$ cat data-v5.txt   # compact mmCIF, C-alpha atoms and all ligand atoms
# COMPACT_ATOMS: atom_id res chain seq x y z
CA MET A 312 102.02 67.31 115.62
CA GLU A 313 99.89 69.14 118.15
CA LEU A 314 100.41 72.90 118.38
CA SER A 315 100.49 74.47 121.84
CA ALA A 316 98.25 77.43 122.74
CA GLN A 317 101.27 79.75 122.40
CA GLN A 318 102.02 78.41 118.92
CA TRP A 319 98.39 78.86 117.88
CA MET A 320 98.65 82.39 119.23
CA GLY A 321 101.62 82.98 116.93
CA VAL A 322 99.62 81.63 113.97
CA LEU A 323 96.71 83.91 114.91
CA LEU A 324 98.88 87.05 115.19
CA LEU A 325 100.61 86.42 111.87
CA THR A 326 97.35 85.65 110.04
CA TRP A 327 95.79 88.80 111.51
CA TYR A 328 98.78 90.94 110.55
CA PHE A 329 98.84 89.70 106.96
CA ALA A 330 95.05 89.92 106.55
CA VAL A 331 94.75 93.54 107.76
CA GLY A 332 98.07 94.51 106.17
CA PHE A 333 97.38 93.13 102.72
CA GLY A 334 93.79 94.36 102.98
CA ILE A 335 95.12 97.90 103.22
CA THR A 336 98.14 97.66 100.91
CA VAL A 337 96.62 95.53 98.16
CA ALA A 338 92.87 96.29 98.25
CA TYR A 339 92.63 99.88 99.57
CA HIS A 340 95.86 101.26 98.20
CA ARG A 341 96.98 99.50 95.04
CA VAL A 342 93.64 98.26 93.67
CA LEU A 343 90.99 100.77 94.83
CA THR A 344 93.00 104.01 95.06
CA HIS A 345 95.48 103.68 92.22
CA ARG A 346 93.81 101.03 90.02
CA SER A 347 97.17 99.30 89.69
CA ALA A 348 95.43 95.94 89.20
CA ASN A 349 92.01 94.32 89.24
CA LEU A 350 90.94 91.72 91.77
CA ARG A 351 88.10 89.22 91.56
CA LYS A 352 85.18 90.72 93.50
CA PRO A 353 84.88 88.14 96.33
CA LEU A 354 88.60 88.44 97.05
CA LEU A 355 88.46 92.25 96.89
CA TYR A 356 85.51 92.33 99.30
CA ALA A 357 87.21 89.94 101.74
CA LEU A 358 90.36 92.09 101.73
CA VAL A 359 88.32 95.27 102.20
CA LEU A 360 86.58 93.74 105.24
CA ALA A 361 90.01 92.91 106.66
CA ALA A 362 91.22 96.48 105.99
CA LEU A 363 88.44 98.26 107.92
CA PRO A 364 90.65 99.20 110.92
CA ALA A 365 92.16 101.76 108.52
CA GLY A 366 88.74 103.37 108.00
CA PRO A 367 85.85 103.01 105.52
CA PRO A 368 86.96 102.38 101.90
CA ALA A 369 85.65 105.60 100.29
CA GLU A 370 87.15 107.73 103.06
CA TRP A 371 90.53 105.99 102.80
CA VAL A 372 90.65 106.26 99.02
CA GLY A 373 89.52 109.92 99.00
CA ASN A 374 92.08 110.95 101.62
CA HIS A 375 94.83 109.08 99.88
CA ARG A 376 94.07 110.49 96.45
CA LEU A 377 94.19 113.97 98.00
CA HIS A 378 97.58 113.09 99.51
CA HIS A 379 98.90 112.30 96.02
CA THR A 380 97.31 115.36 94.42
CA ASP A 381 99.07 117.77 96.77
CA SER A 382 101.83 115.83 98.53
CA ASP A 383 103.34 117.90 101.34
CA GLY A 384 101.39 120.87 99.97
CA PRO A 385 98.74 122.87 101.86
CA ASN A 386 95.96 120.36 101.05
CA ASP A 387 97.85 117.21 102.06
CA PRO A 388 95.81 115.60 104.87
CA HIS A 389 98.99 114.22 106.51
CA SER A 390 102.30 115.92 105.83
CA PRO A 391 105.01 115.60 108.50
CA LEU A 392 106.81 118.53 106.84
CA ASN A 393 103.85 120.88 107.25
CA ASP A 394 102.25 119.57 110.41
CA GLY A 395 104.95 117.66 112.26
CA PHE A 396 105.63 113.97 112.81
CA TRP A 397 102.84 113.20 115.26
CA TYR A 398 100.09 114.89 113.29
CA ALA A 399 101.09 113.02 110.12
CA HIS A 400 101.53 109.76 112.05
CA CYS A 401 98.10 109.61 113.64
CA GLY A 402 96.89 113.02 114.87
CA TRP A 403 95.34 113.79 111.48
CA TYR A 404 92.69 111.08 111.92
CA LEU A 405 91.10 113.08 114.71
CA GLY A 406 92.56 116.53 113.95
CA ILE A 407 94.63 116.54 117.15
CA ARG A 408 98.04 118.25 117.31
CA ASN A 409 98.90 117.76 120.97
CA ARG A 410 101.86 115.35 121.00
CA GLY A 411 100.83 113.70 124.26
CA LEU A 412 97.31 113.02 122.99
CA CYS A 413 98.72 111.68 119.72
CA LEU A 414 100.96 109.32 121.68
CA VAL A 415 98.02 108.07 123.78
CA TYR A 416 96.03 107.50 120.58
CA ALA A 417 99.01 105.70 118.95
CA LEU A 418 99.11 103.32 121.95
CA GLY A 419 95.35 102.83 122.01
CA GLY A 420 95.23 99.59 120.00
CA PRO A 421 91.64 98.31 119.81
CA LEU A 422 90.35 101.28 121.85
CA ARG A 423 91.45 103.42 118.95
CA TYR A 424 88.92 101.62 116.80
CA ILE A 425 86.09 102.61 119.13
CA VAL A 426 87.30 106.23 119.33
CA ASP A 427 87.59 106.30 115.54
CA MET A 428 84.06 105.08 115.08
CA PHE A 429 82.60 108.04 116.97
CA LEU A 430 85.10 110.87 116.66
CA ARG A 431 86.78 110.36 113.34
CA PRO A 432 84.94 111.87 110.37
CA MET A 433 83.34 108.85 108.75
CA SER A 434 81.82 108.64 105.29
CA PRO A 435 79.82 110.14 103.71
CA GLY A 436 81.85 113.29 103.88
CA GLY A 437 85.52 114.11 103.95
CA HIS A 438 86.97 113.63 100.51
CA ASP A 439 84.57 110.93 99.32
CA ALA A 440 84.00 113.03 96.19
CA LEU A 441 87.45 111.88 95.10
CA ALA A 442 86.33 108.25 95.45
CA LYS A 443 83.19 108.23 93.31
CA ASP A 444 84.29 105.02 91.58
CA VAL A 445 84.45 103.29 94.98
CA LEU A 446 80.98 104.58 95.88
CA ASP A 447 79.62 103.19 92.60
CA ASP A 448 80.07 99.70 94.05
CA ARG A 449 77.06 98.87 96.25
CA PHE A 450 78.96 96.80 98.83
CA LEU A 451 81.82 99.30 99.13
CA ARG A 452 79.28 102.13 99.39
CA PHE A 453 77.51 100.27 102.21
CA LEU A 454 80.79 99.74 104.08
CA SER A 455 81.54 103.43 103.61
CA THR A 456 78.46 104.51 105.56
CA ARG A 457 78.77 104.76 109.34
CA PHE A 458 76.23 101.96 109.81
CA GLY A 459 77.85 99.68 107.22
CA PHE A 460 81.27 100.36 108.69
CA LEU A 461 79.97 99.39 112.14
CA ILE A 462 78.48 96.12 110.84
CA GLY A 463 81.59 95.25 108.79
CA SER A 464 83.82 96.07 111.74
CA SER A 465 82.23 93.36 113.89
CA PHE A 466 84.61 90.90 112.17
CA GLN A 467 87.47 92.72 113.83
CA MET A 468 86.43 91.32 117.22
CA LEU A 469 87.38 87.84 116.02
CA PRO A 470 91.16 88.03 116.76
CA PHE A 471 90.43 89.14 120.33
CA LEU A 472 87.84 86.41 120.87
CA LEU A 473 90.24 83.78 119.51
CA ALA A 474 93.10 85.18 121.62
CA TYR A 475 90.87 84.91 124.73
CA HIS A 476 89.93 81.36 123.77
CA LEU A 477 93.62 80.40 123.43
CA MET A 478 95.24 82.13 126.41
CA ALA A 479 92.46 83.87 128.38
CA TRP A 480 93.33 87.47 129.42
CA ASP A 481 97.04 86.94 128.67
CA GLY A 482 95.96 86.33 125.08
CA VAL A 483 93.90 89.53 125.01
CA ILE A 484 96.88 91.55 126.30
CA ILE A 485 99.18 89.99 123.67
CA ALA A 486 96.62 90.76 120.93
CA TRP A 487 96.35 94.32 122.24
CA VAL A 488 100.12 94.87 122.03
CA ALA A 489 100.14 93.33 118.55
CA SER A 490 97.37 95.64 117.36
CA VAL A 491 99.31 98.68 118.65
CA LEU A 492 102.30 97.53 116.58
CA TYR A 493 100.14 96.89 113.50
CA TYR A 494 98.50 100.33 113.61
CA ASN A 495 101.84 102.08 113.99
CA ALA A 496 103.47 100.06 111.21
CA GLY A 497 100.82 101.39 108.82
CA ASP A 498 100.96 104.94 110.18
CA ALA A 499 104.75 105.00 109.69
CA VAL A 500 104.22 105.15 105.91
CA ASN A 501 102.65 108.61 106.27
CA SER A 502 105.11 109.94 108.87
CA VAL A 503 108.50 108.22 108.48
CA GLY A 504 107.88 107.67 104.75
CA HIS A 505 108.02 111.41 104.08
CA LEU A 506 110.92 112.18 106.44
CA TRP A 507 113.62 109.53 106.52
CA GLY A 508 115.06 107.34 103.80
CA LYS A 509 116.42 107.60 100.30
CA GLN A 510 114.97 109.88 97.63
CA ASP A 511 115.75 107.52 94.76
CA PHE A 512 113.60 109.25 92.13
CA ASP A 513 112.93 112.61 90.54
CA GLY A 514 109.36 113.79 90.89
CA ALA A 515 108.65 111.91 94.11
CA GLY A 516 108.54 115.06 96.25
CA GLU A 517 109.57 114.42 99.83
CA ALA A 518 108.58 110.73 99.75
CA ARG A 519 111.36 108.37 100.82
CA ASN A 520 112.34 104.78 100.27
CA ASN A 521 112.79 103.37 103.76
CA ARG A 522 113.86 99.74 104.17
CA PHE A 523 112.50 99.38 107.71
CA VAL A 524 109.09 100.85 106.83
CA ALA A 525 108.98 98.63 103.73
CA LEU A 526 109.61 95.60 105.94
CA VAL A 527 106.89 96.34 108.49
CA SER A 528 104.34 97.63 105.95
CA LEU A 529 104.55 94.81 103.41
CA GLY A 530 106.36 96.89 100.77
CA GLU A 531 104.66 100.27 101.23
CA GLY A 532 107.86 101.82 102.60
CA TRP A 533 109.22 102.06 99.05
CA HIS A 534 107.37 105.33 99.13
CA ALA A 535 109.64 107.35 96.80
CA GLY A 536 109.14 104.71 94.11
CA HIS A 537 105.42 104.87 94.76
CA HIS A 538 105.18 108.67 94.52
CA ALA A 539 107.30 108.66 91.35
CA PHE A 540 105.03 106.01 89.77
CA PRO A 541 101.74 106.06 91.74
CA ARG A 542 99.94 103.65 89.41
CA SER A 543 102.62 101.00 89.53
CA ALA A 544 101.47 97.74 91.13
CA ARG A 545 105.05 97.37 92.31
CA HIS A 546 106.40 99.96 94.75
CA GLY A 547 109.84 98.40 95.24
CA LEU A 548 111.04 99.31 91.76
CA LEU A 549 114.79 99.01 92.31
CA LYS A 550 116.99 95.96 92.74
CA GLY A 551 116.79 94.40 96.19
CA GLN A 552 113.61 96.28 97.18
CA VAL A 553 111.43 93.43 98.42
CA ASP A 554 107.74 94.27 98.01
CA LEU A 555 105.51 91.57 99.53
CA SER A 556 102.28 93.28 98.41
CA TYR A 557 103.40 93.14 94.80
CA LEU A 558 104.47 89.53 95.30
CA LEU A 559 100.97 88.72 96.55
CA LEU A 560 99.41 90.45 93.52
CA ARG A 561 101.65 88.32 91.29
CA ILE A 562 100.53 85.17 93.10
CA PHE A 563 96.87 86.22 92.75
CA ALA A 564 97.44 86.89 89.04
CA SER A 565 99.06 83.48 88.54
CA VAL A 566 95.92 81.71 89.81
CA GLY A 567 93.48 83.99 87.99
CA LEU A 568 92.39 86.09 91.00
CA ALA A 569 94.08 89.30 89.78
CA SER A 570 94.55 90.84 86.35
CA ASP A 571 95.83 93.95 84.57
CA LEU A 572 98.81 94.57 86.85
CA TYR A 573 100.22 97.91 85.74
CA LEU A 574 103.99 98.37 85.71
CA PRO A 575 106.04 101.28 84.38
CA GLY A 576 108.65 100.48 81.71
CA ASP A 577 112.31 99.96 82.61
CA GLU A 578 113.26 103.02 80.58
CA ALA A 579 110.83 105.29 82.44
CA ILE A 580 112.18 103.98 85.75
CA SER A 581 115.83 104.58 84.82
CA GLN A 582 115.06 108.05 83.43
CA ARG A 583 113.58 109.15 86.76
CA ARG A 584 116.24 107.48 88.86
CA HIS A 585 118.55 109.72 90.89
CA ARG A 586 122.18 108.92 90.12
ZN ZN B 1 103.05 109.67 100.53
ZN ZN B 2 99.39 105.95 97.01

$ encode --input "data-v5.txt" --output "structure tokens"
Amino acid sequence: MELSAQQWMGVLLLTWYFAVGFGITVAYHRVLTHRSANLRKPLLYALVLAALPAGPPAEWVGNHRLHHTDSDGPNDPHSPLNDGFWYAHCGWYLGIRNRGLCLVYALGGPLRYIVDMFLRPMSPGGHDALAKDVLDDRFLRFLSTRFGFLIGSSFQMLPFLLAYHLMAWDGVIIAWVASVLYYNAGDAVNSVGHLWGKQDFDGAGEARNNRFVALVSLGEGWHAGHHAFPRSARHGLLKGQVDLSYLLLRIFASVGLASDLYLPGDEAISQRRHR
């Protein structure tokens, strides 16, 4: 069966979404930040390269560890309770609070990447001191420098080149719209994930379990579960909470690409559960 250009475009958009998405959720978040599991190095590096639209690895990990240290407190880099929805959603990357500017940035798609590269504080700096273990790895340290980030980011042109090859400028416009959606799906974890949804656990602060965010962010929307048990490889800890990132870690573990998946005990989960 021959696939049409439109069908190939669909394959491209889905592959791109899962590559960047799992790069961030599995490699940056669960493996590098929280050490919820180990991944074989080549796989980890490939996922980190895919995750670069979210920023250099040391910067991402440092910021995120700070978020957990002082969630919705004065040092939280992105708290919608302290700084408003738009700042927590995307304004914090550039330190902009003007809602209109935040909206323009949120709709920037690939242009956002270029703006980020020059205006966003890139490593070394920021909270890299909280990511010393990431900087101990030579490749991750290289990707965390501005030059390394620029070189690694060249891979991110591939979806646009392929989209142009498939459907000329129509393809580029479709890829643009898709990238806007992808960016905002990830950003929703920081904004929506601390505002709307169920607070299923004690000790999760203002973090919420939000079914819609979980769906678009490959399981990261089970944010109350995550804040209650930050090291858990599984964020969807309750019945019916589908967590595709955890599922992928399980698949990796079953073929020997992942190991040491950390999970809290059932008793600990039920003790912290809100009734
Ligand atoms: Zn959070
Ligand atoms: Zn986290």

$ residues_near_ligand --input "data-v5.txt" --ligand "ligand ZN 2 (chain B)" --cutoff "12 Å" --atoms "only C-alpha atoms and all ligand atoms" --output "compact mmCIF listing (two decimals) with C-alpha atoms, keeping the file's coordinate frame"
# COMPACT_ATOMS: atom_id res chain seq x y z
CA ILE A 335 95.12 97.90 103.22
CA THR A 336 98.14 97.66 100.91
CA VAL A 337 96.62 95.53 98.16
CA ALA A 338 92.87 96.29 98.25
CA TYR A 339 92.63 99.88 99.57
CA HIS A 340 95.86 101.26 98.20
CA ARG A 341 96.98 99.50 95.04
CA VAL A 342 93.64 98.26 93.67
CA LEU A 343 90.99 100.77 94.83
CA THR A 344 93.00 104.01 95.06
CA HIS A 345 95.48 103.68 92.22
CA ARG A 346 93.81 101.03 90.02
CA SER A 347 97.17 99.30 89.69
CA TRP A 371 90.53 105.99 102.80
CA VAL A 372 90.65 106.26 99.02
CA GLY A 373 89.52 109.92 99.00
CA ASN A 374 92.08 110.95 101.62
CA HIS A 375 94.83 109.08 99.88
CA ARG A 376 94.07 110.49 96.45
CA LEU A 377 94.19 113.97 98.00
CA HIS A 378 97.58 113.09 99.51
CA HIS A 379 98.90 112.30 96.02
CA THR A 380 97.31 115.36 94.42
CA ASP A 381 99.07 117.77 96.77
CA SER A 382 101.83 115.83 98.53
CA VAL A 500 104.22 105.15 105.91
CA ASN A 501 102.65 108.61 106.27
CA GLY A 504 107.88 107.67 104.75
CA ALA A 515 108.65 111.91 94.11
CA ALA A 518 108.58 110.73 99.75
CA GLU A 531 104.66 100.27 101.23
CA GLY A 532 107.86 101.82 102.60
CA TRP A 533 109.22 102.06 99.05
CA HIS A 534 107.37 105.33 99.13
CA ALA A 535 109.64 107.35 96.80
CA GLY A 536 109.14 104.71 94.11
CA HIS A 537 105.42 104.87 94.76
CA HIS A 538 105.18 108.67 94.52
CA ALA A 539 107.30 108.66 91.35
CA PHE A 540 105.03 106.01 89.77
CA PRO A 541 101.74 106.06 91.74
CA ARG A 542 99.94 103.65 89.41
CA SER A 543 102.62 101.00 89.53
CA ALA A 544 101.47 97.74 91.13
CA ARG A 545 105.05 97.37 92.31
CA HIS A 546 106.40 99.96 94.75

$ closest_residue --input "data-v5.txt" --among "A:Pro391, A:Pro368, A:Gly332, A:Pro470" --to "ligand ZN 1 (chain B)" --atoms "all atoms listed in the file"
A:Pro391

$ closest_residue --input "data-v5.txt" --among "A:Pro364, A:Gly463, A:Gly406, A:Gly411" --to "Arg423 of chain A" --atoms "only C-alpha atoms"
A:Pro364

$ closest_residue --input "data-v5.txt" --among "A:Ala486, A:Met433, A:Leu549, A:Val503" --to "Leu325 of chain A" --atoms "all atoms listed in the file"
A:Ala486

$ closest_residue --input "data-v5.txt" --among "A:Leu454, A:Ala442, A:Met428, A:Ala499" --to "ligand ZN 1 (chain B)" --atoms "only C-alpha atoms and all ligand atoms"
A:Ala499

$ closest_residue --input "data-v5.txt" --among "A:Trp487, A:Gln318, A:Pro435, A:Arg351" --to "Leu472 of chain A" --atoms "all atoms listed in the file"
A:Trp487

$ closest_residue --input "data-v5.txt" --among "A:His585, A:Arg449, A:His505, A:Lys443" --to "ligand ZN 1 (chain B)" --atoms "only C-alpha atoms and all ligand atoms"
A:His505

$ residues_around --input "data-v5.txt" --residues "Val359 of chain A" --least-positions-apart "2" --cutoff "7 Å" --atoms "all atoms listed in the file" --output "ChimeraX atom specification"
/A:334,338-339,355-357,361-363

$ decode --input "data-v5.txt" --residues "segment 329-397 of chain A" --atoms "C-alpha atoms" --output "PDB file, in the first residue's frame"
ATOM      1  CA  PHE A 329       6.286  11.386  20.424  1.00  0.00           C
ATOM      2  CA  ALA A 330      10.034  11.962  19.953  1.00  0.00           C
ATOM      3  CA  VAL A 331      10.078  15.465  21.491  1.00  0.00           C
ATOM      4  CA  GLY A 332       7.405  14.560  24.045  1.00  0.00           C
ATOM      5  CA  PHE A 333       9.044  11.407  25.351  1.00  0.00           C
ATOM      6  CA  GLY A 334      12.431  13.120  25.151  1.00  0.00           C
ATOM      7  CA  ILE A 335      11.197  15.652  27.690  1.00  0.00           C
ATOM      8  CA  THR A 336       8.994  13.425  29.865  1.00  0.00           C
ATOM      9  CA  VAL A 337      11.192  10.329  29.973  1.00  0.00           C
ATOM     10  CA  ALA A 338      14.764  11.619  29.534  1.00  0.00           C
ATOM     11  CA  TYR A 339      14.721  15.168  30.979  1.00  0.00           C
ATOM     12  CA  HIS A 340      12.081  14.714  33.638  1.00  0.00           C
ATOM     13  CA  ARG A 341      11.893  11.159  34.922  1.00  0.00           C
ATOM     14  CA  VAL A 342      15.449   9.944  34.249  1.00  0.00           C
ATOM     15  CA  LEU A 343      17.712  13.018  34.508  1.00  0.00           C
ATOM     16  CA  THR A 344      15.827  15.197  37.013  1.00  0.00           C
ATOM     17  CA  HIS A 345      14.287  12.663  39.357  1.00  0.00           C
ATOM     18  CA  ARG A 346      16.454   9.570  38.703  1.00  0.00           C
ATOM     19  CA  SER A 347      13.285   7.481  38.560  1.00  0.00           C
ATOM     20  CA  ALA A 348      14.987   5.000  36.215  1.00  0.00           C
ATOM     21  CA  ASN A 349      18.192   4.436  34.280  1.00  0.00           C
ATOM     22  CA  LEU A 350      18.382   4.363  30.504  1.00  0.00           C
ATOM     23  CA  ARG A 351      21.079   2.892  28.285  1.00  0.00           C
ATOM     24  CA  LYS A 352      23.341   5.785  27.252  1.00  0.00           C
ATOM     25  CA  PRO A 353      22.711   5.791  23.466  1.00  0.00           C
ATOM     26  CA  LEU A 354      18.955   5.822  24.052  1.00  0.00           C
ATOM     27  CA  LEU A 355      19.256   8.544  26.706  1.00  0.00           C
ATOM     28  CA  TYR A 356      21.364  10.700  24.379  1.00  0.00           C
ATOM     29  CA  ALA A 357      18.947  10.233  21.463  1.00  0.00           C
ATOM     30  CA  LEU A 358      16.003  11.248  23.668  1.00  0.00           C
ATOM     31  CA  VAL A 359      17.915  14.261  25.011  1.00  0.00           C
ATOM     32  CA  LEU A 360      18.635  15.424  21.441  1.00  0.00           C
ATOM     33  CA  ALA A 361      14.907  15.132  20.709  1.00  0.00           C
ATOM     34  CA  ALA A 362      14.066  17.105  23.876  1.00  0.00           C
ATOM     35  CA  LEU A 363      16.206  20.172  23.073  1.00  0.00           C
ATOM     36  CA  PRO A 364      13.235  22.435  22.139  1.00  0.00           C
ATOM     37  CA  ALA A 365      12.580  22.477  25.909  1.00  0.00           C
ATOM     38  CA  GLY A 366      16.051  23.933  26.535  1.00  0.00           C
ATOM     39  CA  PRO A 367      19.529  22.562  27.345  1.00  0.00           C
ATOM     40  CA  PRO A 368      19.525  19.539  29.696  1.00  0.00           C
ATOM     41  CA  ALA A 369      21.348  21.094  32.689  1.00  0.00           C
ATOM     42  CA  GLU A 370      19.163  24.200  32.555  1.00  0.00           C
ATOM     43  CA  TRP A 371      15.961  22.149  32.358  1.00  0.00           C
ATOM     44  CA  VAL A 372      16.969  19.858  35.207  1.00  0.00           C
ATOM     45  CA  GLY A 373      18.169  22.741  37.427  1.00  0.00           C
ATOM     46  CA  ASN A 374      14.983  24.755  36.908  1.00  0.00           C
ATOM     47  CA  HIS A 375      12.811  21.751  37.508  1.00  0.00           C
ATOM     48  CA  ARG A 376      14.593  20.688  40.679  1.00  0.00           C
ATOM     49  CA  LEU A 377      14.131  24.235  41.983  1.00  0.00           C
ATOM     50  CA  HIS A 378      10.418  23.969  41.139  1.00  0.00           C
ATOM     51  CA  HIS A 379      10.167  20.875  43.344  1.00  0.00           C
ATOM     52  CA  THR A 380      12.251  22.369  46.158  1.00  0.00           C
ATOM     53  CA  ASP A 381       9.948  25.359  46.564  1.00  0.00           C
ATOM     54  CA  SER A 382       6.731  24.587  44.678  1.00  0.00           C
ATOM     55  CA  ASP A 383       4.532  27.675  44.481  1.00  0.00           C
ATOM     56  CA  GLY A 384       6.890  29.320  46.974  1.00  0.00           C
ATOM     57  CA  PRO A 385       8.923  32.495  46.382  1.00  0.00           C
ATOM     58  CA  ASN A 386      11.739  30.616  44.589  1.00  0.00           C
ATOM     59  CA  ASP A 387       9.531  28.621  42.205  1.00  0.00           C
ATOM     60  CA  PRO A 388      10.598  29.633  38.668  1.00  0.00           C
ATOM     61  CA  HIS A 389       7.038  29.124  37.350  1.00  0.00           C
ATOM     62  CA  SER A 390       4.136  29.338  39.762  1.00  0.00           C
ATOM     63  CA  PRO A 391       0.749  30.362  38.333  1.00  0.00           C
ATOM     64  CA  LEU A 392      -0.389  31.121  41.894  1.00  0.00           C
ATOM     65  CA  ASN A 393       2.387  33.640  42.493  1.00  0.00           C
ATOM     66  CA  ASP A 394       2.942  35.021  39.028  1.00  0.00           C
ATOM     67  CA  GLY A 395      -0.249  34.349  37.086  1.00  0.00           C
ATOM     68  CA  PHE A 396      -1.174  31.870  34.367  1.00  0.00           C
ATOM     69  CA  TRP A 397       0.745  33.402  31.480  1.00  0.00           C
TER      70      TRP A 397
END
